[in-house]
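Colleague: The file below is query_16.cif, mmCIF, N, CA, C and O atoms:
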```cif
data_run
loop_
_atom_site.label_atom_id
_atom_site.label_comp_id
_atom_site.auth_asym_id
_atom_site.auth_seq_id
_atom_site.Cartn_x
_atom_site.Cartn_y
_atom_site.Cartn_z
N PHE A 1 0.84 -1.18 0.00
CA PHE A 1 0.00 0.00 0.00
C PHE A 1 0.88 1.25 0.00
O PHE A 1 1.91 1.29 0.66
N ILE A 2 0.43 2.24 -0.76
CA ILE A 2 1.09 3.54 -0.77
C ILE A 2 0.02 4.59 -0.47
O ILE A 2 -1.18 4.31 -0.57
N PRO A 3 0.42 5.80 -0.09
CA PRO A 3 -0.59 6.83 0.19
C PRO A 3 -1.46 7.11 -1.03
O PRO A 3 -0.96 7.16 -2.16
N LEU A 4 -2.73 7.28 -0.79
CA LEU A 4 -3.67 7.58 -1.87
C LEU A 4 -3.28 8.87 -2.58
O LEU A 4 -3.48 9.01 -3.78
N THR A 5 -2.64 9.78 -1.86
CA THR A 5 -2.22 11.05 -2.44
C THR A 5 -1.15 10.88 -3.51
O THR A 5 -0.95 11.77 -4.33
N ALA A 6 -0.45 9.75 -3.50
CA ALA A 6 0.63 9.52 -4.47
C ALA A 6 0.10 9.14 -5.86
O ALA A 6 0.83 9.22 -6.84
N VAL A 7 -1.16 8.73 -5.93
CA VAL A 7 -1.73 8.22 -7.18
C VAL A 7 -2.50 9.31 -7.90
O VAL A 7 -3.25 10.07 -7.29
N TRP A 8 -2.32 9.37 -9.21
CA TRP A 8 -3.10 10.29 -10.04
C TRP A 8 -3.61 9.52 -11.25
O TRP A 8 -3.05 8.52 -11.65
N TRP A 9 -4.73 9.98 -11.79
CA TRP A 9 -5.37 9.30 -12.90
C TRP A 9 -5.21 10.13 -14.17
O TRP A 9 -5.39 11.34 -14.16
N ASP A 10 -4.86 9.43 -15.26
CA ASP A 10 -4.65 10.12 -16.53
C ASP A 10 -5.96 10.24 -17.31
O ASP A 10 -7.03 9.86 -16.81
N GLU A 11 -5.87 10.75 -18.53
CA GLU A 11 -7.05 10.97 -19.36
C GLU A 11 -7.78 9.67 -19.73
O GLU A 11 -8.93 9.69 -20.12
N GLU A 12 -7.10 8.54 -19.61
CA GLU A 12 -7.73 7.23 -19.86
C GLU A 12 -8.25 6.61 -18.57
O GLU A 12 -8.63 5.45 -18.55
N ASN A 13 -8.26 7.39 -17.49
CA ASN A 13 -8.70 6.96 -16.17
C ASN A 13 -7.85 5.82 -15.62
O ASN A 13 -8.33 4.97 -14.87
N ALA A 14 -6.57 5.78 -16.00
CA ALA A 14 -5.63 4.78 -15.49
C ALA A 14 -4.84 5.38 -14.33
O ALA A 14 -4.49 6.57 -14.35
N ALA A 15 -4.56 4.56 -13.32
CA ALA A 15 -3.82 5.00 -12.15
C ALA A 15 -2.33 5.12 -12.48
O ALA A 15 -1.77 4.28 -13.19
N ASN A 16 -1.70 6.17 -11.98
CA ASN A 16 -0.28 6.44 -12.21
C ASN A 16 0.37 6.95 -10.94
O ASN A 16 -0.31 7.48 -10.06
N VAL A 17 1.69 6.82 -10.87
CA VAL A 17 2.48 7.46 -9.83
C VAL A 17 3.68 8.11 -10.50
O VAL A 17 4.06 7.74 -11.60
N TRP A 18 4.26 9.09 -9.81
CA TRP A 18 5.51 9.68 -10.27
C TRP A 18 6.63 8.91 -9.59
O TRP A 18 6.72 8.90 -8.37
N VAL A 19 7.47 8.26 -10.37
CA VAL A 19 8.63 7.55 -9.83
C VAL A 19 9.88 8.36 -10.14
O VAL A 19 9.89 9.20 -11.03
N VAL A 20 10.92 8.07 -9.36
CA VAL A 20 12.17 8.81 -9.50
C VAL A 20 13.30 7.84 -9.77
O VAL A 20 13.46 6.85 -9.06
N ALA A 21 14.05 8.12 -10.81
CA ALA A 21 15.24 7.34 -11.13
C ALA A 21 16.33 8.33 -11.55
O ALA A 21 16.08 9.19 -12.40
N HIS A 22 17.48 8.21 -10.95
CA HIS A 22 18.62 9.07 -11.28
C HIS A 22 18.24 10.55 -11.17
O HIS A 22 18.54 11.35 -12.06
N ASP A 23 17.52 10.89 -10.09
CA ASP A 23 17.11 12.28 -9.81
C ASP A 23 16.22 12.88 -10.89
O ASP A 23 16.19 14.10 -11.07
N THR A 24 15.49 12.03 -11.60
CA THR A 24 14.59 12.49 -12.66
C THR A 24 13.21 11.88 -12.44
O THR A 24 13.08 10.74 -12.03
N LEU A 25 12.18 12.65 -12.76
CA LEU A 25 10.79 12.26 -12.56
C LEU A 25 10.24 11.55 -13.79
O LEU A 25 10.43 12.01 -14.92
N TYR A 26 9.55 10.42 -13.57
CA TYR A 26 8.92 9.65 -14.65
C TYR A 26 7.52 9.24 -14.24
O TYR A 26 7.31 8.81 -13.11
N ALA A 27 6.57 9.36 -15.17
CA ALA A 27 5.21 8.88 -14.92
C ALA A 27 5.21 7.36 -15.11
O ALA A 27 5.81 6.85 -16.04
N ARG A 28 4.53 6.66 -14.21
CA ARG A 28 4.46 5.20 -14.29
C ARG A 28 3.03 4.76 -14.07
O ARG A 28 2.41 5.06 -13.05
N ARG A 29 2.46 4.05 -15.02
CA ARG A 29 1.13 3.49 -14.87
C ARG A 29 1.21 2.30 -13.92
O ARG A 29 2.12 1.49 -14.01
N ILE A 30 0.26 2.22 -13.01
CA ILE A 30 0.22 1.11 -12.06
C ILE A 30 -1.11 0.39 -12.16
O ILE A 30 -2.08 0.93 -12.69
N THR A 31 -1.15 -0.82 -11.66
CA THR A 31 -2.40 -1.54 -11.50
C THR A 31 -2.77 -1.42 -10.03
O THR A 31 -2.02 -1.87 -9.16
N ALA A 32 -3.88 -0.76 -9.77
CA ALA A 32 -4.31 -0.53 -8.40
C ALA A 32 -5.20 -1.67 -7.94
O ALA A 32 -5.94 -2.27 -8.72
N GLY A 33 -5.12 -1.95 -6.65
CA GLY A 33 -5.94 -2.99 -6.03
C GLY A 33 -6.89 -2.38 -5.03
O GLY A 33 -7.59 -1.41 -5.34
N ARG A 34 -6.85 -2.91 -3.83
CA ARG A 34 -7.76 -2.45 -2.77
C ARG A 34 -7.46 -1.01 -2.37
O ARG A 34 -6.31 -0.58 -2.40
N VAL A 35 -8.51 -0.32 -1.97
CA VAL A 35 -8.38 1.07 -1.54
C VAL A 35 -8.83 1.16 -0.09
O VAL A 35 -9.85 0.60 0.29
N ARG A 36 -8.04 1.85 0.70
CA ARG A 36 -8.39 2.16 2.09
C ARG A 36 -8.65 3.65 2.17
O ARG A 36 -8.49 4.37 1.18
N SER A 37 -9.00 4.12 3.33
CA SER A 37 -9.33 5.55 3.46
C SER A 37 -8.19 6.47 3.05
O SER A 37 -8.43 7.54 2.52
N ASP A 38 -6.95 6.04 3.28
CA ASP A 38 -5.82 6.92 2.96
C ASP A 38 -4.70 6.22 2.19
O ASP A 38 -3.62 6.76 2.04
N ALA A 39 -4.96 5.00 1.70
CA ALA A 39 -3.91 4.24 1.01
C ALA A 39 -4.53 3.39 -0.11
O ALA A 39 -5.72 3.09 -0.10
N ILE A 40 -3.67 3.02 -1.04
CA ILE A 40 -4.11 2.19 -2.16
C ILE A 40 -3.07 1.09 -2.39
O ILE A 40 -1.87 1.32 -2.25
N GLU A 41 -3.55 -0.08 -2.71
CA GLU A 41 -2.66 -1.21 -2.97
C GLU A 41 -2.15 -1.12 -4.40
O GLU A 41 -2.91 -0.85 -5.32
N VAL A 42 -0.85 -1.32 -4.57
CA VAL A 42 -0.26 -1.37 -5.91
C VAL A 42 -0.02 -2.83 -6.24
O VAL A 42 0.83 -3.48 -5.64
N VAL A 43 -0.80 -3.35 -7.19
CA VAL A 43 -0.71 -4.75 -7.59
C VAL A 43 0.45 -4.95 -8.56
O VAL A 43 1.14 -5.96 -8.53
N ASP A 44 0.67 -3.96 -9.43
CA ASP A 44 1.73 -4.06 -10.43
C ASP A 44 2.16 -2.66 -10.85
O ASP A 44 1.37 -1.72 -10.81
N GLY A 45 3.43 -2.52 -11.21
CA GLY A 45 3.93 -1.27 -11.76
C GLY A 45 4.89 -0.51 -10.87
O GLY A 45 5.52 0.44 -11.33
N LEU A 46 5.01 -0.91 -9.61
CA LEU A 46 5.94 -0.26 -8.69
C LEU A 46 6.65 -1.35 -7.91
O LEU A 46 6.01 -2.18 -7.29
N GLN A 47 7.96 -1.35 -7.98
CA GLN A 47 8.75 -2.38 -7.31
C GLN A 47 9.10 -1.94 -5.89
O GLN A 47 9.25 -0.76 -5.62
N ALA A 48 9.25 -2.92 -5.01
CA ALA A 48 9.64 -2.63 -3.63
C ALA A 48 10.96 -1.85 -3.63
O ALA A 48 11.89 -2.18 -4.35
N GLY A 49 11.00 -0.78 -2.85
CA GLY A 49 12.20 0.04 -2.75
C GLY A 49 12.31 1.15 -3.77
O GLY A 49 13.17 2.03 -3.65
N GLU A 50 11.45 1.16 -4.79
CA GLU A 50 11.49 2.23 -5.79
C GLU A 50 11.01 3.54 -5.17
O GLU A 50 10.05 3.55 -4.42
N ALA A 51 11.68 4.61 -5.51
CA ALA A 51 11.30 5.93 -4.99
C ALA A 51 10.14 6.49 -5.79
O ALA A 51 10.10 6.38 -7.02
N TYR A 52 9.18 7.09 -5.07
CA TYR A 52 8.03 7.72 -5.72
C TYR A 52 7.68 8.99 -4.96
O TYR A 52 8.09 9.18 -3.82
N VAL A 53 6.91 9.86 -5.60
CA VAL A 53 6.49 11.11 -4.97
C VAL A 53 5.20 10.83 -4.22
O VAL A 53 4.18 10.47 -4.81
N ALA A 54 5.23 11.01 -2.90
CA ALA A 54 4.09 10.69 -2.05
C ALA A 54 2.97 11.73 -2.14
O ALA A 54 1.80 11.39 -2.03
N GLN A 55 3.34 12.99 -2.34
CA GLN A 55 2.34 14.06 -2.44
C GLN A 55 2.73 14.99 -3.58
O GLN A 55 3.32 16.05 -3.37
N PRO A 56 2.41 14.56 -4.81
CA PRO A 56 2.81 15.38 -5.96
C PRO A 56 2.10 16.72 -5.99
O PRO A 56 0.94 16.83 -5.62
N LEU A 57 2.83 17.72 -6.41
CA LEU A 57 2.28 19.06 -6.57
C LEU A 57 1.81 19.24 -8.00
O LEU A 57 2.32 18.59 -8.92
N PRO A 58 0.85 20.12 -8.23
CA PRO A 58 0.42 20.39 -9.60
C PRO A 58 1.59 20.87 -10.45
O PRO A 58 2.50 21.55 -9.95
N GLY A 59 1.58 20.52 -11.71
CA GLY A 59 2.59 21.01 -12.63
C GLY A 59 3.79 20.09 -12.82
O GLY A 59 4.70 20.43 -13.57
N LEU A 60 3.80 18.92 -12.15
CA LEU A 60 4.91 18.00 -12.38
C LEU A 60 4.87 17.49 -13.81
O LEU A 60 3.80 17.29 -14.37
N LYS A 61 6.05 17.31 -14.38
CA LYS A 61 6.15 16.84 -15.77
C LYS A 61 7.25 15.80 -15.88
O LYS A 61 8.24 15.84 -15.16
N GLU A 62 7.05 14.88 -16.81
CA GLU A 62 8.04 13.85 -17.09
C GLU A 62 9.39 14.49 -17.41
O GLU A 62 9.46 15.48 -18.14
N GLY A 63 10.45 13.97 -16.81
CA GLY A 63 11.79 14.44 -17.08
C GLY A 63 12.28 15.55 -16.17
O GLY A 63 13.44 15.96 -16.25
N MET A 64 11.41 16.04 -15.28
CA MET A 64 11.83 17.10 -14.36
C MET A 64 12.86 16.57 -13.37
O MET A 64 12.77 15.42 -12.95
N PRO A 65 13.82 17.40 -12.97
CA PRO A 65 14.75 16.98 -11.91
C PRO A 65 14.01 16.94 -10.58
O PRO A 65 13.05 17.67 -10.37
N THR A 66 14.47 16.08 -9.68
CA THR A 66 13.77 15.88 -8.42
C THR A 66 14.58 16.26 -7.20
O THR A 66 14.25 15.87 -6.09
N VAL A 67 15.61 17.02 -7.36
CA VAL A 67 16.44 17.42 -6.24
C VAL A 67 15.57 18.18 -5.23
O VAL A 67 14.87 19.11 -5.59
N GLY A 68 15.57 17.71 -3.99
CA GLY A 68 14.81 18.36 -2.94
C GLY A 68 13.36 17.92 -2.84
O GLY A 68 12.64 18.39 -1.99
N ALA A 69 12.90 17.01 -3.69
CA ALA A 69 11.52 16.54 -3.64
C ALA A 69 11.32 15.62 -2.45
O ALA A 69 12.23 14.93 -2.03
N ALA A 70 10.10 15.61 -1.92
CA ALA A 70 9.76 14.71 -0.81
C ALA A 70 9.40 13.35 -1.39
O ALA A 70 8.36 13.18 -2.01
N LEU A 71 10.30 12.39 -1.22
CA LEU A 71 10.12 11.08 -1.82
C LEU A 71 9.92 10.01 -0.77
O LEU A 71 10.35 10.16 0.37
N ARG A 72 9.31 8.91 -1.18
CA ARG A 72 9.19 7.72 -0.34
C ARG A 72 9.63 6.54 -1.17
O ARG A 72 9.64 6.58 -2.39
N SER A 73 9.94 5.44 -0.49
CA SER A 73 10.27 4.20 -1.18
C SER A 73 9.09 3.26 -1.08
O SER A 73 8.42 3.19 -0.04
N ALA A 74 8.82 2.54 -2.16
CA ALA A 74 7.72 1.58 -2.17
C ALA A 74 7.97 0.53 -1.10
O ALA A 74 9.10 0.09 -0.91
N PRO A 75 6.91 0.11 -0.40
CA PRO A 75 7.07 -0.90 0.65
C PRO A 75 7.41 -2.25 0.07
O PRO A 75 7.14 -2.52 -1.11
N ALA A 76 8.00 -3.09 0.90
CA ALA A 76 8.29 -4.46 0.48
C ALA A 76 6.96 -5.17 0.24
O ALA A 76 5.95 -4.87 0.87
N GLU A 77 6.98 -6.10 -0.68
CA GLU A 77 5.78 -6.85 -1.00
C GLU A 77 5.42 -7.78 0.14
O GLU A 77 6.27 -8.23 0.89
N SER A 78 4.12 -8.10 0.25
CA SER A 78 3.66 -9.06 1.24
C SER A 78 4.13 -10.44 0.84
O SER A 78 4.24 -10.74 -0.34
N PRO A 79 4.38 -11.30 1.82
CA PRO A 79 4.77 -12.67 1.48
C PRO A 79 3.66 -13.36 0.69
O PRO A 79 2.49 -13.02 0.86
N PRO A 80 4.01 -14.32 -0.18
CA PRO A 80 2.99 -15.04 -0.93
C PRO A 80 1.98 -15.66 0.03
O PRO A 80 2.32 -16.11 1.11
N GLY A 81 0.72 -15.60 -0.36
CA GLY A 81 -0.33 -16.16 0.47
C GLY A 81 -0.85 -15.19 1.50
O GLY A 81 -1.78 -15.48 2.22
N ASP A 82 -0.27 -13.98 1.57
CA ASP A 82 -0.67 -13.01 2.57
C ASP A 82 -1.57 -11.93 1.96
O ASP A 82 -1.90 -10.96 2.60
N ARG A 83 -1.98 -12.07 0.73
CA ARG A 83 -2.76 -11.05 0.05
C ARG A 83 -4.12 -10.80 0.69
O ARG A 83 -4.66 -9.72 0.59
N GLY A 84 -4.69 -11.80 1.35
CA GLY A 84 -6.00 -11.63 1.94
C GLY A 84 -5.98 -10.96 3.29
O GLY A 84 -7.01 -10.62 3.83
N HIS A 85 -4.82 -10.70 3.85
CA HIS A 85 -4.70 -10.08 5.16
C HIS A 85 -4.52 -8.59 5.03
O HIS A 85 -3.92 -8.11 4.09
N SER A 86 -5.02 -7.88 5.99
CA SER A 86 -4.91 -6.40 5.93
C SER A 86 -4.08 -5.88 7.09
O SER A 86 -4.22 -4.73 7.47
N ASP A 87 -3.26 -6.71 7.68
CA ASP A 87 -2.45 -6.27 8.81
C ASP A 87 -1.39 -5.28 8.33
O ASP A 87 -0.72 -5.50 7.37
N GLU A 88 -1.28 -4.18 9.06
CA GLU A 88 -0.22 -3.22 8.78
C GLU A 88 0.55 -3.04 10.06
O GLU A 88 -0.01 -3.00 11.14
N HIS A 89 1.84 -2.91 9.97
CA HIS A 89 2.68 -2.73 11.15
C HIS A 89 3.09 -1.31 11.29
O HIS A 89 3.25 -0.59 10.41
#
```
The structure in this file should be written as structure tokens.
Modeller:
Amino acid sequence: FIPLTAVWWDEENAANVWVVAHDTLYARRITAGRVRSDAIEVVDGLQAGEAYVAQPLPGLKEGMPTVGAALRSAPAESPPGDRGHSDEH
């Protein structure tokens, strides 16, 4: 799960996040799963440990430098067989 604020929807109504690689911003389409009040499950499209923008500001564009941006790392995946549990630590 990542913060719901990190996800934005494009003109095709597909879920996306801003990921960061080599201090540069890239749009990444994700497959969203379950939604909680303040978080959303990422089923596919974001790897554990990948940096993403948790609270993107308006006006972000692909290829922008990210020096000084507030970033988070994607959480580690749940162990196989744990998908039905909603325990958070």
Colleague: Once the PyMOL selection byres (((chain A and resi 74 and name CA) around 9) and name CA) has been evaluated on this model, what residues remain selected, and can you format them as a list in words?
Modeller: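 In the shown coordinates, the PyMOL selection byres (((chain A and resi 74 and name CA) around 9) and name CA) covers Phe1, Ile2, Leu46, Gln47, Ala48, Gly49, Glu50, Ala51, Tyr52, Arg72, Ser73, Pro75, Ala76 and Glu77 of chain A.
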Colleague: When distances are computed from only N, CA, C and O atoms, which of A:Leu71, A:Glu12, A:Thr31, A:Thr66 shows the smallest separation from Ala54 in chain A?
Modeller: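 Of the candidates, the smallest distance to Ala54 in chain A is held by A:Leu71.
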Colleague: Could you please determine the separation between atom C of Leu57 in chain A and atom O of Val43 in chain A in Å, to one decimal place?
Modeller: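 That distance, rounded to one decimal, is 25.2 Å.
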Colleague: Measuring atom to atom with only C-alpha atoms, identify which of A:Arg29, A:Ser37, A:Pro56, A:Pro65 is nearest to Glu11 in chain A.
Modeller: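 Among the listed residues, the smallest separation from Glu11 in chain A belongs to A:Arg29.
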Colleague: Return as a VMD selection string the set of residues that the PyMOL selection byres ((chain A and resi 39) around 6) yields on the displayed structure.
Modeller: chain A and resid 1 to 4 34 to 38 40 to 41
Colleague: May I have all residues of chain A that DSSP, computed from the backbone, assigns to strand (DSSP E), given as number ranges by chain?
Modeller: A: 2-3, 8-9, 15-21, 24-29, 31-35, 39-44, 51-53, 71-73
Colleague: Give me the result of the PyMOL selection byres ((chain A and resi 24) around 6) on this file, residue by residue, as a PyMOL selection string.
Modeller: chain A and resi 19-23+25-26+63-66
Colleague: Provide the atom N of Val53 in chain A to atom N of Trp18 in chain A distance in Å, to one decimal place.
Modeller: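 Taking atom N of Val53 in chain A as the start and atom N of Trp18 in chain A as the end point, the length is 5.0 Å.
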Colleague: May I ask for the distance between atom O of Val7 in chain A and atom C of Ala27 in chain A, given in Å to one decimal place?
Modeller: 11.8 Å
Colleague: With the input short on atoms, add all heavy atoms back to range 37-48 of chain A and write it as a PDB file, keeping the file's coordinate frame.
Modeller:
```
ATOM      1  N   SER A  37      -9.000   4.120   3.330  1.00  0.00           N
ATOM      2  CA  SER A  37      -9.330   5.550   3.460  1.00  0.00           C
ATOM      3  C   SER A  37      -8.190   6.470   3.050  1.00  0.00           C
ATOM      4  O   SER A  37      -8.430   7.540   2.520  1.00  0.00           O
ATOM      5  CB  SER A  37      -9.759   5.864   4.891  1.00  0.00           C
ATOM      6  OG  SER A  37      -8.700   5.589   5.792  1.00  0.00           O
ATOM      7  N   ASP A  38      -6.950   6.040   3.280  1.00  0.00           N
ATOM      8  CA  ASP A  38      -5.820   6.920   2.960  1.00  0.00           C
ATOM      9  C   ASP A  38      -4.700   6.220   2.190  1.00  0.00           C
ATOM     10  O   ASP A  38      -3.620   6.760   2.040  1.00  0.00           O
ATOM     11  CB  ASP A  38      -5.251   7.512   4.245  1.00  0.00           C
ATOM     12  CG  ASP A  38      -4.711   6.438   5.184  1.00  0.00           C
ATOM     13  OD1 ASP A  38      -4.972   5.246   4.956  1.00  0.00           O
ATOM     14  OD2 ASP A  38      -4.028   6.803   6.161  1.00  0.00           O
ATOM     15  N   ALA A  39      -4.960   5.000   1.700  1.00  0.00           N
ATOM     16  CA  ALA A  39      -3.910   4.240   1.010  1.00  0.00           C
ATOM     17  C   ALA A  39      -4.530   3.390  -0.110  1.00  0.00           C
ATOM     18  O   ALA A  39      -5.720   3.090  -0.100  1.00  0.00           O
ATOM     19  CB  ALA A  39      -3.175   3.339   1.998  1.00  0.00           C
ATOM     20  N   ILE A  40      -3.670   3.020  -1.040  1.00  0.00           N
ATOM     21  CA  ILE A  40      -4.110   2.190  -2.160  1.00  0.00           C
ATOM     22  C   ILE A  40      -3.070   1.090  -2.390  1.00  0.00           C
ATOM     23  O   ILE A  40      -1.870   1.320  -2.250  1.00  0.00           O
ATOM     24  CB  ILE A  40      -4.320   3.050  -3.427  1.00  0.00           C
ATOM     25  CG1 ILE A  40      -4.993   2.259  -4.537  1.00  0.00           C
ATOM     26  CG2 ILE A  40      -3.028   3.691  -3.892  1.00  0.00           C
ATOM     27  CD1 ILE A  40      -5.540   3.133  -5.657  1.00  0.00           C
ATOM     28  N   GLU A  41      -3.550  -0.080  -2.710  1.00  0.00           N
ATOM     29  CA  GLU A  41      -2.660  -1.210  -2.970  1.00  0.00           C
ATOM     30  C   GLU A  41      -2.150  -1.120  -4.400  1.00  0.00           C
ATOM     31  O   GLU A  41      -2.910  -0.850  -5.320  1.00  0.00           O
ATOM     32  CB  GLU A  41      -3.449  -2.513  -2.790  1.00  0.00           C
ATOM     33  CG  GLU A  41      -2.654  -3.760  -3.053  1.00  0.00           C
ATOM     34  CD  GLU A  41      -3.487  -5.016  -2.906  1.00  0.00           C
ATOM     35  OE1 GLU A  41      -4.715  -4.969  -3.112  1.00  0.00           O
ATOM     36  OE2 GLU A  41      -2.904  -6.065  -2.605  1.00  0.00           O
ATOM     37  N   VAL A  42      -0.850  -1.320  -4.570  1.00  0.00           N
ATOM     38  CA  VAL A  42      -0.260  -1.370  -5.910  1.00  0.00           C
ATOM     39  C   VAL A  42      -0.020  -2.830  -6.240  1.00  0.00           C
ATOM     40  O   VAL A  42       0.830  -3.480  -5.640  1.00  0.00           O
ATOM     41  CB  VAL A  42       1.059  -0.572  -5.975  1.00  0.00           C
ATOM     42  CG1 VAL A  42       1.666  -0.682  -7.372  1.00  0.00           C
ATOM     43  CG2 VAL A  42       0.817   0.883  -5.611  1.00  0.00           C
ATOM     44  N   VAL A  43      -0.800  -3.350  -7.190  1.00  0.00           N
ATOM     45  CA  VAL A  43      -0.710  -4.750  -7.590  1.00  0.00           C
ATOM     46  C   VAL A  43       0.450  -4.950  -8.560  1.00  0.00           C
ATOM     47  O   VAL A  43       1.140  -5.960  -8.530  1.00  0.00           O
ATOM     48  CB  VAL A  43      -2.046  -5.224  -8.202  1.00  0.00           C
ATOM     49  CG1 VAL A  43      -1.947  -6.648  -8.686  1.00  0.00           C
ATOM     50  CG2 VAL A  43      -3.173  -5.076  -7.189  1.00  0.00           C
ATOM     51  N   ASP A  44       0.670  -3.960  -9.430  1.00  0.00           N
ATOM     52  CA  ASP A  44       1.730  -4.060 -10.430  1.00  0.00           C
ATOM     53  C   ASP A  44       2.160  -2.660 -10.850  1.00  0.00           C
ATOM     54  O   ASP A  44       1.370  -1.720 -10.810  1.00  0.00           O
ATOM     55  CB  ASP A  44       1.231  -4.837 -11.658  1.00  0.00           C
ATOM     56  CG  ASP A  44       2.346  -5.200 -12.624  1.00  0.00           C
ATOM     57  OD1 ASP A  44       3.447  -5.551 -12.159  1.00  0.00           O
ATOM     58  OD2 ASP A  44       2.115  -5.136 -13.840  1.00  0.00           O
ATOM     59  N   GLY A  45       3.430  -2.520 -11.210  1.00  0.00           N
ATOM     60  CA  GLY A  45       3.930  -1.270 -11.760  1.00  0.00           C
ATOM     61  C   GLY A  45       4.890  -0.510 -10.870  1.00  0.00           C
ATOM     62  O   GLY A  45       5.520   0.440 -11.330  1.00  0.00           O
ATOM     63  N   LEU A  46       5.010  -0.910  -9.610  1.00  0.00           N
ATOM     64  CA  LEU A  46       5.940  -0.260  -8.690  1.00  0.00           C
ATOM     65  C   LEU A  46       6.650  -1.350  -7.910  1.00  0.00           C
ATOM     66  O   LEU A  46       6.010  -2.180  -7.290  1.00  0.00           O
ATOM     67  CB  LEU A  46       5.175   0.670  -7.748  1.00  0.00           C
ATOM     68  CG  LEU A  46       5.986   1.607  -6.868  1.00  0.00           C
ATOM     69  CD1 LEU A  46       6.799   2.586  -7.714  1.00  0.00           C
ATOM     70  CD2 LEU A  46       5.065   2.380  -5.929  1.00  0.00           C
ATOM     71  N   GLN A  47       7.960  -1.350  -7.980  1.00  0.00           N
ATOM     72  CA  GLN A  47       8.750  -2.380  -7.310  1.00  0.00           C
ATOM     73  C   GLN A  47       9.100  -1.940  -5.890  1.00  0.00           C
ATOM     74  O   GLN A  47       9.250  -0.760  -5.620  1.00  0.00           O
ATOM     75  CB  GLN A  47      10.049  -2.639  -8.095  1.00  0.00           C
ATOM     76  CG  GLN A  47       9.832  -3.086  -9.522  1.00  0.00           C
ATOM     77  CD  GLN A  47       9.056  -4.393  -9.600  1.00  0.00           C
ATOM     78  OE1 GLN A  47       9.340  -5.320  -8.866  1.00  0.00           O
ATOM     79  NE2 GLN A  47       8.086  -4.446 -10.483  1.00  0.00           N
ATOM     80  N   ALA A  48       9.250  -2.920  -5.010  1.00  0.00           N
ATOM     81  CA  ALA A  48       9.640  -2.630  -3.630  1.00  0.00           C
ATOM     82  C   ALA A  48      10.960  -1.850  -3.630  1.00  0.00           C
ATOM     83  O   ALA A  48      11.890  -2.180  -4.350  1.00  0.00           O
ATOM     84  CB  ALA A  48       9.796  -3.932  -2.847  1.00  0.00           C
TER      85      ALA A  48
END
```
